[in-house]
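Undergrad: So I've got this file, model38.cif, and it contains mmCIF, C-alpha atoms:
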```cif
data_model
#
loop_
_atom_site.label_atom_id
_atom_site.label_comp_id
_atom_site.auth_asym_id
_atom_site.auth_seq_id
_atom_site.Cartn_x
_atom_site.Cartn_y
_atom_site.Cartn_z
CA MET Y 1 23.26 22.18 -11.40
CA ASP Y 2 26.71 23.42 -12.42
CA ALA Y 3 29.37 21.57 -14.40
CA SER Y 4 31.55 20.84 -11.35
CA SER Y 5 28.79 18.86 -9.63
CA LEU Y 6 28.34 16.73 -12.75
CA CYS Y 7 31.87 15.41 -12.35
CA ASP Y 8 31.71 14.97 -8.57
CA PRO Y 9 31.15 11.23 -7.94
CA THR Y 10 29.98 11.85 -4.38
CA SER Y 11 27.20 14.25 -5.42
CA ASN Y 12 25.07 11.67 -7.23
CA GLN Y 13 23.35 8.52 -6.16
CA ILE Y 14 23.77 6.99 -9.61
CA PRO Y 15 26.48 4.64 -10.84
CA ILE Y 16 29.70 6.37 -11.86
CA ASP Y 17 32.20 5.32 -14.48
CA LEU Y 18 35.92 5.58 -13.95
CA PHE Y 19 38.24 5.09 -16.89
CA VAL Y 20 41.30 3.03 -16.01
CA SER Y 21 44.52 3.42 -17.95
CA LYS Y 22 48.27 3.90 -17.62
CA LYS Y 23 48.15 6.73 -20.19
CA HIS Y 24 46.29 9.49 -18.32
CA PRO Y 25 48.06 12.86 -18.32
CA GLY Y 26 50.06 13.45 -15.15
CA LEU Y 27 50.88 9.81 -14.43
CA SER Y 28 54.41 8.60 -13.83
CA ARG Y 29 55.65 5.60 -15.76
CA GLY Y 30 54.11 2.40 -14.41
CA ASP Y 31 51.33 4.16 -12.48
CA LEU Y 32 47.70 3.25 -13.08
CA GLY Y 33 45.13 6.06 -13.23
CA PHE Y 34 41.40 6.15 -12.49
CA ALA Y 35 39.73 9.19 -14.13
CA ASP Y 36 36.12 10.35 -14.21
CA SER Y 37 34.14 11.14 -17.37
CA CYS Y 38 35.48 14.72 -17.33
CA GLY Y 39 39.09 13.47 -17.41
CA ASN Y 40 39.86 14.37 -13.79
CA LEU Y 41 42.30 11.91 -12.25
CA LEU Y 42 40.57 10.78 -9.03
CA PHE Y 43 42.92 7.94 -8.02
CA ARG Y 44 46.45 6.98 -8.91
CA VAL Y 45 48.01 3.63 -8.05
CA LYS Y 46 51.75 3.78 -7.60
CA ILE Y 47 54.01 0.72 -7.53
CA ILE Y 48 56.20 0.83 -4.44
CA SER Y 49 58.25 -2.35 -5.00
CA SER Y 50 59.36 -4.13 -8.16
CA ARG Y 51 57.72 -7.11 -9.83
CA HIS Y 52 60.74 -9.24 -9.02
CA SER Y 53 60.62 -8.90 -5.22
CA SER Y 54 58.94 -11.59 -3.13
CA SER Y 55 56.29 -9.26 -1.74
CA ARG Y 56 55.04 -6.47 -4.02
CA LYS Y 57 53.51 -3.25 -2.75
CA TRP Y 58 51.22 -0.57 -4.20
CA ALA Y 59 49.74 2.67 -2.89
CA VAL Y 60 46.27 4.01 -3.77
CA ILE Y 61 46.66 7.79 -3.85
CA ASN Y 62 43.84 10.33 -4.15
CA GLN Y 63 43.91 13.49 -6.28
CA LEU Y 64 45.38 15.50 -3.37
CA GLY Y 65 48.40 13.17 -3.16
CA THR Y 66 47.36 11.43 0.06
CA THR Y 67 47.95 7.68 0.32
CA LEU Y 68 44.59 6.14 1.20
CA ILE Y 69 45.40 2.43 1.06
CA SER Y 70 48.63 0.41 0.95
CA ILE Y 71 48.38 -2.95 -0.80
CA HIS Y 72 50.90 -5.66 0.11
CA ARG Y 73 51.14 -8.94 -1.76
CA ARG Y 74 52.42 -11.65 0.53
CA PRO Y 75 54.79 -14.42 -0.60
CA ASN Y 76 51.92 -16.93 -0.09
CA GLY Y 77 49.85 -15.17 -2.80
CA ASN Y 78 47.43 -13.36 -0.48
CA TRP Y 79 47.09 -9.59 -0.23
CA HIS Y 80 46.78 -7.38 2.87
CA CYS Y 81 45.47 -3.82 2.62
CA TYR Y 82 46.25 -1.18 5.23
CA LYS Y 83 45.04 2.36 5.97
CA GLY Y 84 47.42 4.96 4.58
CA ASP Y 85 51.14 4.19 4.53
CA SER Y 86 51.13 1.92 7.57
CA GLU Y 87 51.75 -1.80 7.78
CA GLY Y 88 50.74 -2.49 11.38
CA GLU Y 89 48.13 -5.07 12.23
CA LYS Y 90 46.08 -2.30 13.90
CA GLU Y 91 45.76 -0.56 10.52
CA LEU Y 92 44.78 -3.69 8.55
CA VAL Y 93 41.50 -3.02 6.70
CA PHE Y 94 41.01 -6.22 4.71
CA LYS Y 95 42.77 -9.21 3.24
CA VAL Y 96 42.19 -10.92 -0.08
CA GLN Y 97 42.65 -14.57 -0.99
CA ARG Y 98 42.50 -16.02 -4.49
CA THR Y 99 40.12 -18.99 -4.55
CA VAL Y 100 40.16 -19.77 -8.31
CA ASN Y 101 42.93 -18.99 -10.79
CA GLU Y 102 42.39 -20.26 -14.31
CA PHE Y 103 43.16 -18.61 -17.66
CA CYS Y 104 39.66 -17.22 -18.19
CA ARG Y 105 38.41 -17.27 -14.63
CA THR Y 106 39.72 -15.67 -11.47
CA GLU Y 107 37.89 -15.47 -8.16
CA LEU Y 108 38.91 -13.56 -5.06
CA GLU Y 109 37.43 -13.60 -1.57
CA VAL Y 110 37.67 -10.36 0.41
CA SER Y 111 37.60 -10.47 4.22
CA PHE Y 112 37.27 -7.25 6.23
CA VAL Y 113 38.56 -6.85 9.77
CA LYS Y 114 35.92 -6.37 12.47
CA GLU Y 115 37.14 -3.38 14.44
CA SER Y 116 35.76 -4.59 17.76
CA SER Y 117 37.20 -8.12 17.75
CA GLY Y 118 39.95 -8.08 15.11
CA GLU Y 119 38.41 -11.15 13.43
CA PHE Y 120 37.82 -11.43 9.71
CA THR Y 121 34.44 -11.68 8.00
CA SER Y 122 34.06 -12.73 4.37
CA ASP Y 123 32.10 -9.86 2.89
CA LEU Y 124 32.91 -9.49 -0.81
CA LYS Y 125 33.75 -11.62 -3.81
CA VAL Y 126 35.41 -10.66 -7.07
CA LYS Y 127 34.85 -12.84 -10.13
CA GLY Y 128 35.96 -12.36 -13.70
CA CYS Y 129 38.58 -12.75 -16.40
CA VAL Y 130 41.79 -10.73 -16.05
CA PHE Y 131 42.68 -11.13 -19.73
CA GLN Y 132 39.37 -9.60 -20.86
CA ARG Y 133 39.39 -6.95 -18.10
CA SER Y 134 35.89 -8.18 -17.23
CA PHE Y 135 34.94 -8.62 -13.58
CA THR Y 136 32.23 -8.09 -10.99
CA ILE Y 137 32.66 -7.15 -7.34
CA TYR Y 138 29.67 -8.13 -5.25
CA ALA Y 139 28.42 -8.63 -1.72
CA GLU Y 140 25.88 -11.45 -1.44
CA ASN Y 141 23.29 -10.53 -4.11
CA SER Y 142 24.20 -6.88 -4.71
CA VAL Y 143 26.71 -5.69 -7.29
CA ILE Y 144 29.26 -3.19 -5.97
CA ALA Y 145 31.25 -2.57 -9.16
CA GLN Y 146 31.91 -3.99 -12.63
CA GLY Y 147 34.76 -3.68 -15.07
CA SER Y 148 34.68 -4.08 -18.84
CA LEU Y 149 36.65 -3.23 -21.95
CA MET Y 150 35.54 -0.20 -23.93
CA TYR Y 151 34.20 -1.21 -27.32
CA LYS Y 152 33.64 1.11 -30.26
CA LEU Y 153 31.45 0.53 -33.31
CA HIS Y 154 33.26 -1.13 -36.22
CA GLN Y 155 36.28 -1.86 -34.04
CA ILE Y 156 37.85 -5.15 -35.00
CA LEU Y 157 40.47 -5.35 -32.27
CA VAL Y 158 39.71 -4.17 -28.74
CA ARG Y 159 42.68 -2.79 -26.82
CA ARG Y 160 43.10 -4.05 -23.27
CA SER Y 161 45.24 -1.11 -22.11
CA ALA Y 162 42.21 0.93 -21.00
CA PHE Y 163 38.90 -0.20 -19.55
CA ARG Y 164 35.84 1.10 -17.74
CA LEU Y 165 35.07 0.61 -14.05
CA THR Y 166 31.44 1.21 -13.06
CA ILE Y 167 30.90 1.74 -9.33
CA PHE Y 168 27.32 1.43 -8.11
CA PRO Y 169 26.02 3.55 -5.22
CA GLY Y 170 26.41 1.94 -1.85
CA SER Y 171 28.38 1.87 1.33
CA LEU Y 172 31.78 0.79 -0.06
CA ASP Y 173 34.38 3.52 -0.35
CA HIS Y 174 35.65 4.08 -3.91
CA SER Y 175 39.29 3.75 -2.82
CA LEU Y 176 38.54 0.21 -1.60
CA VAL Y 177 37.07 -0.65 -5.01
CA VAL Y 178 40.20 0.75 -6.67
CA ALA Y 179 42.37 -1.43 -4.40
CA LEU Y 180 40.31 -4.52 -5.31
CA VAL Y 181 40.73 -3.75 -9.03
CA VAL Y 182 44.52 -3.55 -8.60
CA ILE Y 183 44.55 -6.86 -6.74
CA PHE Y 184 42.35 -8.48 -9.41
CA LEU Y 185 44.65 -7.28 -12.21
CA ASP Y 186 47.69 -8.58 -10.32
CA GLY Y 187 46.05 -11.93 -9.67
#
```
Can you dump the structure from the file as structure tokens?

TA:
Amino acid sequence: MDASSLCDPTSNQIPIDLFVSKKHPGLSRGDLGFADSCGNLLFRVKIISSRHSSSRKWAVINQLGTTLISIHRRPNGNWHCYKGDSEGEKELVFKVQRTVNEFCRTELEVSFVKESSGEFTSDLKVKGCVFQRSFTIYAENSVIAQGSLMYKLHQILVRRSAFRLTIFPGSLDHSLVVALVVIFLDG
């Protein structure tokens, strides 16, 4: 096994860790980066509209610069996620609704679009605490991904600017997990 396959998240059927921070090399100001354990930036989340507009937008971009998912926050507090740069209802992949929003507890319900009928099915849930950067994404009884702060021995104060995202092997695309993390942090 060579070194390049060790850092390829698609080559293993084991959980992978992505390190999430705004301070990865190569990021523009305000972007959020998702890097692997070798420091390779796999995903970048770019803010498309400002925090002060009624509907905010983000783009999940892969390492080649291709927009994979567009995230749109609606004025009613829900989020819609589309394939690529599009906003058409035909390109809608999933929508997210916040079901609980307390200081130390946030819960989101994720509904994917059935391609055949265009109806929504509630498939995933996200539960956790935004302040502690601690959350779990799961489908029924299986864990899809988890986020947690990175602790070090003898560290008195834990910084919240960077955290770890562990994605477990399964059928969910990693870019969808990245989009859910962005929505959770915005929530």

Undergrad: Just to confirm, what's the straight-line distance from CA of Gly39 (chain Y) to CA of Leu165 (chain Y) in Å (one decimal)?

TA: 13.9 Å

Undergrad: Give me, as a ChimeraX atom specification, all polymer residues having an atom no more than 12 Å from Leu41 (chain Y), counting all atoms listed in the file and skipping those fewer than 2 positions away in the same chain.

TA: /Y:7-9,18-27,31-39,43-45,61-65

Undergrad: When you draw a straight line from CA of Ala145 (chain Y) to CA of Leu42 (chain Y), how long is it in Å?

TA: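 About the pair CA of Ala145 (chain Y) and CA of Leu42 (chain Y): they are 16.3 Å apart.
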
Undergrad: Measuring atom to atom with all atoms listed in the file, identify which of Y:Thr166, Y:Asn141, Y:Ser175, Y:Thr106 is nearest to Ile16 (chain Y).

TA: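 Among the listed residues, Y:Thr166 lies closest to Ile16 (chain Y).
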
Undergrad: Select, from Y:Phe184, Y:Ser161, Y:Ser28, Y:Ser148, the residue with the minimum atom-to-atom distance to Asn101 (chain Y), counting all atoms listed in the file.

TA: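 Using all atoms listed in the file, Asn101 (chain Y) sits closest to Y:Phe184.
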
Undergrad: Which polymer residues have any atom within 9 Å of an atom of Val182 (chain Y), counting all atoms listed in the file, with same-chain residues fewer than 3 positions away left out, as a list of chain:residue names?

TA: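 Once the nearby chain positions are removed, what remains is Y:Leu32, Y:Val45, Y:Trp58, Y:Ile71, Y:Val177, Y:Val178, Y:Ala179, Y:Leu185, Y:Asp186, Y:Gly187.
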
Undergrad: Give the answer as one residue: which of Y:Thr67, Y:Asp17, Y:Gly77, Y:Phe120 has the shortest atom-to-atom distance to Leu92 (chain Y), using only C-alpha atoms?

TA: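 Nearest candidate to Leu92 (chain Y) out of Y:Thr67, Y:Asp17, Y:Gly77, Y:Phe120: Y:Phe120.
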
Undergrad: Hey, which of Y:Ile183, Y:Leu176, Y:Gln132, Y:Ser111 ends up closest to Ile69 (chain Y)? Count all atoms listed in the file.

TA: Y:Leu176

Undergrad: One decimal, Å: what's the distance from CA of Gly128 (chain Y) over to CA of Glu87 (chain Y), could you say?

TA: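 Straight-line distance from CA of Gly128 (chain Y) to CA of Glu87 (chain Y) works out to 28.7 Å.
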
Undergrad: For Ser70 (chain Y), find every residue with an atom within 9 Å (counting all atoms listed in the file), except residues of its own chain fewer than 3 positions away, and show them as a ChimeraX atom specification.

TA: /Y:57-60,67,80-87,179

Undergrad: Can you report as JSON the centre and edge lengths in Å, to one decimal, of an axis-aligned box around the listed atoms of region 162-174 of chain Y padded with 8 Å on each side?

TA:
```
{"center_x": 34.1, "center_y": 1.9, "center_z": -9.8, "size_x": 32.2, "size_y": 20.3, "size_z": 38.3}
```

Undergrad: Hey, what's within 10 Å of Gly170 (chain Y) if we count all atoms listed in the file and toss same-chain stuff fewer than 3 positions away? As a PDB file with C-alpha atoms, in the coordinates of the input, please?

TA:
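Everything below was put into around_2.pdb:
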```pdb
ATOM      1  CA  GLN Y  13      23.350   8.520  -6.160  1.00  0.00           C
ATOM      2  CA  ILE Y  14      23.770   6.990  -9.610  1.00  0.00           C
ATOM      3  CA  PRO Y  15      26.480   4.640 -10.840  1.00  0.00           C
ATOM      4  CA  SER Y 142      24.200  -6.880  -4.710  1.00  0.00           C
ATOM      5  CA  VAL Y 143      26.710  -5.690  -7.290  1.00  0.00           C
ATOM      6  CA  ILE Y 144      29.260  -3.190  -5.970  1.00  0.00           C
ATOM      7  CA  ALA Y 145      31.250  -2.570  -9.160  1.00  0.00           C
ATOM      8  CA  ILE Y 167      30.900   1.740  -9.330  1.00  0.00           C
ATOM      9  CA  ASP Y 173      34.380   3.520  -0.350  1.00  0.00           C
ATOM     10  CA  HIS Y 174      35.650   4.080  -3.910  1.00  0.00           C
TER      11      HIS Y 174
END
```

Undergrad: The PyMOL selection byres ((chain Y and resi 135) around 8) - which residues does that actually catch in the file I just gave you? List them as a list of chain:residue names.

TA: Y:Val126, Y:Lys127, Y:Gly128, Y:Cys129, Y:Val130, Y:Arg133, Y:Ser134, Y:Thr136, Y:Ile137, Y:Gln146, Y:Gly147, Y:Ser148

Undergrad: Taking the file as I've supplied it (selection: the PyMOL selection byres ((chain Y and resi 121) around 9)), which residues are included? Please answer as an MDAnalysis selection string.

TA: chainID Y and resid 110:114 119:120 122:123

Undergrad: For the structure provided, state which residues fall under the PyMOL selection byres ((chain Y and resi 56) around 6), and present them as a list in words.

TA: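 Those residues are Ser49, Ser55, Lys57, His72 and Arg73 of chain Y.
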
Undergrad: Have a look at Y:Tyr151, Y:Ala139, Y:Asn78, Y:Phe131 and name the one nearest to Lys95 (chain Y); count all atoms listed in the file.

TA: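 With all atoms listed in the file as the atom set, the closest residue is Y:Asn78.
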
Undergrad: If I only want region 83-106 of chain Y, can you write it with N, CA, C and O atoms, as a PDB file, in the first residue's frame?

TA:
```
ATOM      1  N   LYS Y  83     -28.276  20.144  -6.297  1.00  0.00           N
ATOM      2  CA  LYS Y  83     -27.105  19.622  -7.003  1.00  0.00           C
ATOM      3  C   LYS Y  83     -26.398  20.779  -7.680  1.00  0.00           C
ATOM      4  O   LYS Y  83     -27.028  21.588  -8.362  1.00  0.00           O
ATOM      5  N   GLY Y  84     -25.094  20.847  -7.516  1.00  0.00           N
ATOM      6  CA  GLY Y  84     -24.294  21.856  -8.214  1.00  0.00           C
ATOM      7  C   GLY Y  84     -24.706  23.269  -7.887  1.00  0.00           C
ATOM      8  O   GLY Y  84     -25.044  23.601  -6.757  1.00  0.00           O
ATOM      9  N   ASP Y  85     -24.679  24.130  -8.921  1.00  0.00           N
ATOM     10  CA  ASP Y  85     -25.003  25.554  -8.762  1.00  0.00           C
ATOM     11  C   ASP Y  85     -26.475  25.868  -8.928  1.00  0.00           C
ATOM     12  O   ASP Y  85     -26.892  26.999  -8.775  1.00  0.00           O
ATOM     13  N   SER Y  86     -27.277  24.881  -9.269  1.00  0.00           N
ATOM     14  CA  SER Y  86     -28.667  25.144  -9.642  1.00  0.00           C
ATOM     15  C   SER Y  86     -29.561  25.396  -8.436  1.00  0.00           C
ATOM     16  O   SER Y  86     -29.226  25.084  -7.314  1.00  0.00           O
ATOM     17  N   GLU Y  87     -30.725  25.983  -8.731  1.00  0.00           N
ATOM     18  CA  GLU Y  87     -31.732  26.238  -7.709  1.00  0.00           C
ATOM     19  C   GLU Y  87     -33.089  25.681  -8.101  1.00  0.00           C
ATOM     20  O   GLU Y  87     -34.059  25.872  -7.391  1.00  0.00           O
ATOM     21  N   GLY Y  88     -33.187  24.992  -9.207  1.00  0.00           N
ATOM     22  CA  GLY Y  88     -34.469  24.503  -9.688  1.00  0.00           C
ATOM     23  C   GLY Y  88     -34.996  23.349  -8.853  1.00  0.00           C
ATOM     24  O   GLY Y  88     -34.240  22.585  -8.275  1.00  0.00           O
ATOM     25  N   GLU Y  89     -36.296  23.243  -8.801  1.00  0.00           N
ATOM     26  CA  GLU Y  89     -36.925  22.169  -8.023  1.00  0.00           C
ATOM     27  C   GLU Y  89     -36.522  20.788  -8.531  1.00  0.00           C
ATOM     28  O   GLU Y  89     -36.515  19.825  -7.793  1.00  0.00           O
ATOM     29  N   LYS Y  90     -36.169  20.679  -9.828  1.00  0.00           N
ATOM     30  CA  LYS Y  90     -35.726  19.396 -10.374  1.00  0.00           C
ATOM     31  C   LYS Y  90     -34.394  18.969  -9.775  1.00  0.00           C
ATOM     32  O   LYS Y  90     -34.075  17.797  -9.728  1.00  0.00           O
ATOM     33  N   GLU Y  91     -33.584  19.933  -9.348  1.00  0.00           N
ATOM     34  CA  GLU Y  91     -32.253  19.651  -8.823  1.00  0.00           C
ATOM     35  C   GLU Y  91     -32.215  19.576  -7.294  1.00  0.00           C
ATOM     36  O   GLU Y  91     -31.155  19.417  -6.712  1.00  0.00           O
ATOM     37  N   LEU Y  92     -33.361  19.713  -6.638  1.00  0.00           N
ATOM     38  CA  LEU Y  92     -33.427  19.645  -5.182  1.00  0.00           C
ATOM     39  C   LEU Y  92     -33.065  18.244  -4.705  1.00  0.00           C
ATOM     40  O   LEU Y  92     -33.640  17.260  -5.162  1.00  0.00           O
ATOM     41  N   VAL Y  93     -32.090  18.145  -3.806  1.00  0.00           N
ATOM     42  CA  VAL Y  93     -31.634  16.849  -3.297  1.00  0.00           C
ATOM     43  C   VAL Y  93     -32.301  16.547  -1.957  1.00  0.00           C
ATOM     44  O   VAL Y  93     -32.838  15.471  -1.756  1.00  0.00           O
ATOM     45  N   PHE Y  94     -32.238  17.516  -1.038  1.00  0.00           N
ATOM     46  CA  PHE Y  94     -32.874  17.325   0.264  1.00  0.00           C
ATOM     47  C   PHE Y  94     -33.184  18.667   0.890  1.00  0.00           C
ATOM     48  O   PHE Y  94     -32.689  19.704   0.461  1.00  0.00           O
ATOM     49  N   LYS Y  95     -34.047  18.621   1.898  1.00  0.00           N
ATOM     50  CA  LYS Y  95     -34.358  19.811   2.679  1.00  0.00           C
ATOM     51  C   LYS Y  95     -34.176  19.464   4.150  1.00  0.00           C
ATOM     52  O   LYS Y  95     -34.267  18.303   4.547  1.00  0.00           O
ATOM     53  N   VAL Y  96     -33.891  20.494   4.931  1.00  0.00           N
ATOM     54  CA  VAL Y  96     -33.611  20.310   6.350  1.00  0.00           C
ATOM     55  C   VAL Y  96     -34.492  21.252   7.141  1.00  0.00           C
ATOM     56  O   VAL Y  96     -34.643  22.425   6.792  1.00  0.00           O
ATOM     57  N   GLN Y  97     -35.063  20.714   8.218  1.00  0.00           N
ATOM     58  CA  GLN Y  97     -35.910  21.507   9.110  1.00  0.00           C
ATOM     59  C   GLN Y  97     -35.392  21.351  10.529  1.00  0.00           C
ATOM     60  O   GLN Y  97     -35.097  20.246  10.980  1.00  0.00           O
ATOM     61  N   ARG Y  98     -35.273  22.458  11.227  1.00  0.00           N
ATOM     62  CA  ARG Y  98     -34.855  22.417  12.633  1.00  0.00           C
ATOM     63  C   ARG Y  98     -36.068  22.052  13.470  1.00  0.00           C
ATOM     64  O   ARG Y  98     -37.116  22.692  13.384  1.00  0.00           O
ATOM     65  N   THR Y  99     -35.938  21.010  14.306  1.00  0.00           N
ATOM     66  CA  THR Y  99     -37.057  20.587  15.149  1.00  0.00           C
ATOM     67  C   THR Y  99     -36.866  21.024  16.597  1.00  0.00           C
ATOM     68  O   THR Y  99     -37.841  21.211  17.305  1.00  0.00           O
ATOM     69  N   VAL Y 100     -35.616  21.163  17.054  1.00  0.00           N
ATOM     70  CA  VAL Y 100     -35.319  21.649  18.407  1.00  0.00           C
ATOM     71  C   VAL Y 100     -34.187  22.651  18.302  1.00  0.00           C
ATOM     72  O   VAL Y 100     -33.192  22.410  17.616  1.00  0.00           O
ATOM     73  N   ASN Y 101     -34.331  23.788  18.992  1.00  0.00           N
ATOM     74  CA  ASN Y 101     -33.268  24.790  18.999  1.00  0.00           C
ATOM     75  C   ASN Y 101     -33.167  25.389  20.395  1.00  0.00           C
ATOM     76  O   ASN Y 101     -33.870  26.328  20.731  1.00  0.00           O
ATOM     77  N   GLU Y 102     -32.326  24.805  21.206  1.00  0.00           N
ATOM     78  CA  GLU Y 102     -32.046  25.303  22.546  1.00  0.00           C
ATOM     79  C   GLU Y 102     -30.555  25.599  22.626  1.00  0.00           C
ATOM     80  O   GLU Y 102     -29.803  25.227  21.737  1.00  0.00           O
ATOM     81  N   PHE Y 103     -30.106  26.221  23.714  1.00  0.00           N
ATOM     82  CA  PHE Y 103     -28.697  26.611  23.819  1.00  0.00           C
ATOM     83  C   PHE Y 103     -27.769  25.406  23.686  1.00  0.00           C
ATOM     84  O   PHE Y 103     -26.809  25.441  22.940  1.00  0.00           O
ATOM     85  N   CYS Y 104     -28.038  24.351  24.384  1.00  0.00           N
ATOM     86  CA  CYS Y 104     -27.154  23.180  24.356  1.00  0.00           C
ATOM     87  C   CYS Y 104     -27.766  21.997  23.622  1.00  0.00           C
ATOM     88  O   CYS Y 104     -27.301  20.868  23.790  1.00  0.00           O
ATOM     89  N   ARG Y 105     -28.770  22.239  22.813  1.00  0.00           N
ATOM     90  CA  ARG Y 105     -29.368  21.120  22.083  1.00  0.00           C
ATOM     91  C   ARG Y 105     -30.018  21.630  20.791  1.00  0.00           C
ATOM     92  O   ARG Y 105     -30.880  22.495  20.824  1.00  0.00           O
ATOM     93  N   THR Y 106     -29.562  21.074  19.695  1.00  0.00           N
ATOM     94  CA  THR Y 106     -30.134  21.389  18.394  1.00  0.00           C
ATOM     95  C   THR Y 106     -30.441  20.071  17.700  1.00  0.00           C
ATOM     96  O   THR Y 106     -29.642  19.141  17.746  1.00  0.00           O
TER      97      THR Y 106
END
```
